[in-house]
Amino acid sequence: MKKLPKIAQEIRKDIIRMLALAGSGHPGGSLSCVEILVTLYFKVLRHNPNDPEWPDRDRFVLSKGHAAPCLYAVLSRTGYFFREWLWELRKIDAHLQGHPYTLSTPGVEATTGSLGQGLSIANGMALAGKIDEKDYRVYAIIGDGELDEGQIWEASLTASRWKLDNLCAILDHNGLQIDGTIKEIKDPYPLKEKWEAFGWVVFEVNGHNFTELLNVFQAVQKVKEKPTMIVANTVKGKGVSFMENVLDWHGKAPTKEQAEQALKELEKDT
């Protein structure tokens, strides 16, 4: 537990370095989900970096595929591939595409990027586990902007219909999407009541608090006959002062100078 904040800061530094070298990408939403992925990969998921295709592993789907830099940094730190791959992000013929791609990156369970599709993929994995009588669990992170997609709500109904209690979705709720606040674009509130009406058990936590995250991931495993949704309240651009809650950093990479400033801030917090 004590090591998790340190790991999170190192992940944030890797995200900044990757995006600055690539010259493109999405810092805001990558930085907002760091603690969630660190908690999953270092404390919750049953997985084996030496055997990414282990049949009994838990599955993770990054439905908000533009946050791939965070996933890649975590996968590298847990041993799925060489750290040097991180510095080739978004390069032609490199292992790490701008969005998760199963055929080139060990540990990536689903190719994502077209928003709204990841929860349906996670449904399929969870349903397959039920049919095959496997005890693995499926986790999927969705983004605020994805709530605009009808497929998210169709998938929510499907998960409830099939009582997928081996499925846990996490909403990275930073309140912003590419065009503005989620309330301005297509107001999705109230979130908790909506998913409950769709047949889910809903939890709400501080998405940057490791204690709350660990507790809620333990709680979801006790839920029976219903899928679970964790509304994780987060800050877009978390950890870098000039990026936090600033819409412009949704899909813009930092310059060399901005990256140096961000890394100095993150070094101070380490």
# chains A, B, ... in the order shown; residues from 1 in each chain; ligands from 1
$ residues_around --residues "A:Leu37" --least-positions-apart "5" --cutoff "8 Å" --atoms "only C-alpha atoms" --output "PDB file with N, CA and C atoms, in the first residue's frame"
ATOM      1  N   CYS A  70      -1.288   5.743 -20.178  1.00  0.00           N
ATOM      2  CA  CYS A  70      -1.337   5.276 -18.789  1.00  0.00           C
ATOM      3  C   CYS A  70      -1.268   3.754 -18.738  1.00  0.00           C
ATOM      4  N   LEU A  71      -2.047   3.091 -19.572  1.00  0.00           N
ATOM      5  CA  LEU A  71      -2.033   1.625 -19.610  1.00  0.00           C
ATOM      6  C   LEU A  71      -0.651   1.115 -19.979  1.00  0.00           C
ATOM      7  N   VAL A  74       1.834   1.385 -17.120  1.00  0.00           N
ATOM      8  CA  VAL A  74       1.560   0.384 -16.090  1.00  0.00           C
ATOM      9  C   VAL A  74       1.984  -1.002 -16.560  1.00  0.00           C
TER      10      VAL A  74
END
$ residues_around --residues "A:Val201" --least-positions-apart "3" --cutoff "9 Å" --atoms "only C-alpha atoms" --output "JSON, numbers by chain"
{"A": [192, 195, 196, 220, 223, 226, 227, 228, 229, 230]}
$ write_last_selection --atoms "N, CA and C atoms" --output "PDB file, in the first residue's frame"
ATOM      1  N   LYS A 192     -25.358   7.844 -10.477  1.00  0.00           N
ATOM      2  CA  LYS A 192     -25.634   6.694  -9.625  1.00  0.00           C
ATOM      3  C   LYS A 192     -27.041   6.159  -9.875  1.00  0.00           C
ATOM      4  N   TRP A 195     -27.462   4.247 -13.373  1.00  0.00           N
ATOM      5  CA  TRP A 195     -26.989   2.853 -13.440  1.00  0.00           C
ATOM      6  C   TRP A 195     -27.786   1.940 -12.528  1.00  0.00           C
ATOM      7  N   GLU A 196     -28.226   2.447 -11.425  1.00  0.00           N
ATOM      8  CA  GLU A 196     -29.081   1.624 -10.566  1.00  0.00           C
ATOM      9  C   GLU A 196     -30.379   1.285 -11.289  1.00  0.00           C
ATOM     10  N   VAL A 220     -16.829  -4.931  -4.498  1.00  0.00           N
ATOM     11  CA  VAL A 220     -17.514  -5.372  -5.713  1.00  0.00           C
ATOM     12  C   VAL A 220     -17.449  -6.890  -5.866  1.00  0.00           C
ATOM     13  N   VAL A 223     -20.575  -8.716  -4.522  1.00  0.00           N
ATOM     14  CA  VAL A 223     -21.887  -8.504  -5.139  1.00  0.00           C
ATOM     15  C   VAL A 223     -22.265  -9.725  -5.969  1.00  0.00           C
ATOM     16  N   LYS A 226     -25.529  -9.167 -10.054  1.00  0.00           N
ATOM     17  CA  LYS A 226     -25.634  -7.861 -10.691  1.00  0.00           C
ATOM     18  C   LYS A 226     -24.236  -7.367 -11.059  1.00  0.00           C
ATOM     19  N   PRO A 227     -24.104  -6.667 -12.188  1.00  0.00           N
ATOM     20  CA  PRO A 227     -22.816  -6.034 -12.489  1.00  0.00           C
ATOM     21  C   PRO A 227     -22.601  -4.848 -11.563  1.00  0.00           C
ATOM     22  N   THR A 228     -21.353  -4.427 -11.422  1.00  0.00           N
ATOM     23  CA  THR A 228     -21.048  -3.310 -10.542  1.00  0.00           C
ATOM     24  C   THR A 228     -20.421  -2.155 -11.316  1.00  0.00           C
ATOM     25  N   MET A 229     -20.781  -0.945 -10.919  1.00  0.00           N
ATOM     26  CA  MET A 229     -20.225   0.272 -11.483  1.00  0.00           C
ATOM     27  C   MET A 229     -19.569   1.072 -10.371  1.00  0.00           C
ATOM     28  N   ILE A 230     -18.321   1.472 -10.591  1.00  0.00           N
ATOM     29  CA  ILE A 230     -17.627   2.361  -9.662  1.00  0.00           C
ATOM     30  C   ILE A 230     -17.532   3.734 -10.318  1.00  0.00           C
TER      31      ILE A 230
END
$ residues_around --residues "A:Glu193" --least-positions-apart "5" --cutoff "12 Å" --atoms "only C-alpha atoms" --output "ChimeraX atom specification"
/A:188,198-204,229,231
$ closest_residue --among "A:Ala140, A:Met125, A:Leu213, A:Leu176" --to "A:Leu62" --atoms "only C-alpha atoms"
A:Ala140
$ atom_distance --atom1 "atom CA of A:Ala73" --atom2 "atom CA of A:Lys256"
19.3 Å
$ atom_distance --atom1 "atom CA of A:Ile36" --atom2 "atom CA of A:Phe210"
8.1 Å
$ residues_around --residues "A:Gly23" --least-positions-apart "5" --cutoff "12 Å" --atoms "only C-alpha atoms" --output "list of chain:residue names"
A:Ile16, A:Arg17, A:Met18, A:Trp87, A:Glu88, A:Leu89, A:Arg90, A:Lys91, A:Gly98, A:Gly251, A:Lys252, A:Ala253, A:Pro254, A:Thr255, A:Lys256, A:Gln258, A:Ala259
$ write_last_selection --atoms "C-alpha atoms" --output "PDB file, in the first residue's frame"
ATOM      1  CA  ILE A  16       4.577  13.015 -19.721  1.00  0.00           C
ATOM      2  CA  ARG A  17       7.813  11.724 -21.250  1.00  0.00           C
ATOM      3  CA  MET A  18       5.992   9.482 -23.721  1.00  0.00           C
ATOM      4  CA  TRP A  87       9.638   6.029 -25.991  1.00  0.00           C
ATOM      5  CA  GLU A  88       8.372   4.731 -29.351  1.00  0.00           C
ATOM      6  CA  LEU A  89       4.732   5.660 -28.675  1.00  0.00           C
ATOM      7  CA  ARG A  90       2.805   6.467 -31.859  1.00  0.00           C
ATOM      8  CA  LYS A  91       5.779   5.768 -34.110  1.00  0.00           C
ATOM      9  CA  GLY A  98      -1.911   5.671 -30.149  1.00  0.00           C
ATOM     10  CA  GLY A 251      -5.684  15.851 -26.601  1.00  0.00           C
ATOM     11  CA  LYS A 252      -2.561  18.022 -26.785  1.00  0.00           C
ATOM     12  CA  ALA A 253       0.945  16.798 -26.019  1.00  0.00           C
ATOM     13  CA  PRO A 254       3.266  18.990 -23.945  1.00  0.00           C
ATOM     14  CA  THR A 255       6.187  20.734 -25.579  1.00  0.00           C
ATOM     15  CA  LYS A 256       9.712  19.945 -24.394  1.00  0.00           C
ATOM     16  CA  GLN A 258       6.173  22.099 -20.713  1.00  0.00           C
ATOM     17  CA  ALA A 259       7.253  18.502 -20.150  1.00  0.00           C
TER      18      ALA A 259
END
$ select_by_dssp --residues "stretch 15-205 of chain A" --states "helix (DSSP H, G or I)" --output "JSON, numbers by chain"
{"A": [15, 16, 17, 18, 19, 20, 21, 22, 27, 28, 29, 30, 31, 32, 34, 35, 36, 37, 38, 39, 40, 41, 42, 43, 44, 65, 66, 67, 68, 69, 70, 71, 72, 73, 74, 75, 76, 77, 83, 84, 85, 86, 87, 88, 118, 119, 120, 121, 122, 123, 124, 125, 126, 127, 128, 129, 130, 131, 144, 145, 146, 147, 148, 150, 151, 152, 153, 154, 155, 156, 157, 158, 159, 160, 161, 182, 183, 184, 185, 186, 191, 192, 193, 194, 195, 196, 197]}
$ closest_residue --among "A:Ala128, A:His95, A:Glu35, A:Ile11" --to "A:Val235" --atoms "only C-alpha atoms"
A:Glu35
$ atom_distance --atom1 "atom CA of A:Ile185" --atom2 "atom CA of A:Leu167"
28.2 Å
$ residues_around --residues "stretch 75-78 of chain A" --least-positions-apart "2" --cutoff "9 Å" --atoms "only C-alpha atoms" --output "list in words"
Ile7, Ile11, Tyr41, Phe42, Pro49, Cys70, Leu71, Tyr72, Ala73, Tyr80, Phe81, Phe82, Arg83, Glu84, Trp85, Leu86, Pro106, Gly107 and Val108 of chain A
$ closest_residue --among "A:Gln218, A:Asn123, A:Gln177, A:Asn233" --to "A:Trp162" --atoms "only C-alpha atoms"
A:Asn123
$ select_by_dssp --residues "stretch 102-146 of chain A" --states "strand (DSSP E)" --output "MDAnalysis selection string"
chainID A and resid 138:143
$ write_last_selection --atoms "N, CA and C atoms" --output "PDB file, in the first residue's frame"
ATOM      1  N   VAL A 138     -13.766  -9.455 -14.853  1.00  0.00           N
ATOM      2  CA  VAL A 138     -13.516  -8.523 -15.946  1.00  0.00           C
ATOM      3  C   VAL A 138     -13.716  -7.099 -15.431  1.00  0.00           C
ATOM      4  N   TYR A 139     -12.743  -6.252 -15.715  1.00  0.00           N
ATOM      5  CA  TYR A 139     -12.812  -4.846 -15.317  1.00  0.00           C
ATOM      6  C   TYR A 139     -12.697  -3.975 -16.565  1.00  0.00           C
ATOM      7  N   ALA A 140     -13.469  -2.896 -16.625  1.00  0.00           N
ATOM      8  CA  ALA A 140     -13.429  -2.005 -17.771  1.00  0.00           C
ATOM      9  C   ALA A 140     -13.517  -0.557 -17.305  1.00  0.00           C
ATOM     10  N   ILE A 141     -12.613   0.272 -17.812  1.00  0.00           N
ATOM     11  CA  ILE A 141     -12.680   1.701 -17.521  1.00  0.00           C
ATOM     12  C   ILE A 141     -13.332   2.403 -18.698  1.00  0.00           C
ATOM     13  N   ILE A 142     -14.367   3.179 -18.402  1.00  0.00           N
ATOM     14  CA  ILE A 142     -15.011   4.000 -19.421  1.00  0.00           C
ATOM     15  C   ILE A 142     -14.813   5.469 -19.061  1.00  0.00           C
ATOM     16  N   GLY A 143     -14.916   6.329 -20.063  1.00  0.00           N
ATOM     17  CA  GLY A 143     -14.716   7.754 -19.846  1.00  0.00           C
ATOM     18  C   GLY A 143     -16.021   8.530 -19.853  1.00  0.00           C
TER      19      GLY A 143
END
$ closest_residue --among "A:Arg59, A:Leu247, A:Leu40, A:Gln151" --to "A:Lys134" --atoms "only C-alpha atoms"
A:Arg59
$ closest_residue --among "A:Ala159, A:Ile131, A:Leu115, A:Leu263" --to "A:Asp144" --atoms "only C-alpha atoms"
A:Leu115
$ closest_residue --among "A:Ser114, A:Lys186, A:Asn215, A:Glu225" --to "A:Arg161" --atoms "only C-alpha atoms"
A:Glu225
$ residues_around --residues "A:Trp153" --least-positions-apart "3" --cutoff "10 Å" --atoms "only C-alpha atoms" --output "PDB file with C-alpha atoms, in the first residue's frame"
ATOM      1  CA  GLY A 116     -18.481   3.206 -26.505  1.00  0.00           C
ATOM      2  CA  LEU A 119     -18.051  -2.103 -22.313  1.00  0.00           C
ATOM      3  CA  SER A 120     -19.631  -4.417 -24.892  1.00  0.00           C
ATOM      4  CA  GLU A 146     -18.338   7.827 -23.695  1.00  0.00           C
ATOM      5  CA  LEU A 147     -21.619   8.346 -21.900  1.00  0.00           C
ATOM      6  CA  ASP A 148     -22.749  10.158 -25.070  1.00  0.00           C
ATOM      7  CA  GLU A 149     -22.624   6.823 -26.878  1.00  0.00           C
ATOM      8  CA  GLY A 150     -25.807   4.771 -27.008  1.00  0.00           C
ATOM      9  CA  SER A 156     -25.369  -1.672 -19.488  1.00  0.00           C
ATOM     10  CA  LEU A 157     -28.753  -3.263 -20.084  1.00  0.00           C
ATOM     11  CA  THR A 158     -27.122  -6.394 -21.483  1.00  0.00           C
ATOM     12  CA  ALA A 159     -24.849  -6.794 -18.457  1.00  0.00           C
ATOM     13  CA  LYS A 194     -29.103   5.975 -13.831  1.00  0.00           C
ATOM     14  CA  TRP A 195     -26.989   2.853 -13.440  1.00  0.00           C
ATOM     15  CA  PHE A 198     -30.296  -0.130 -15.383  1.00  0.00           C
TER      16      PHE A 198
END
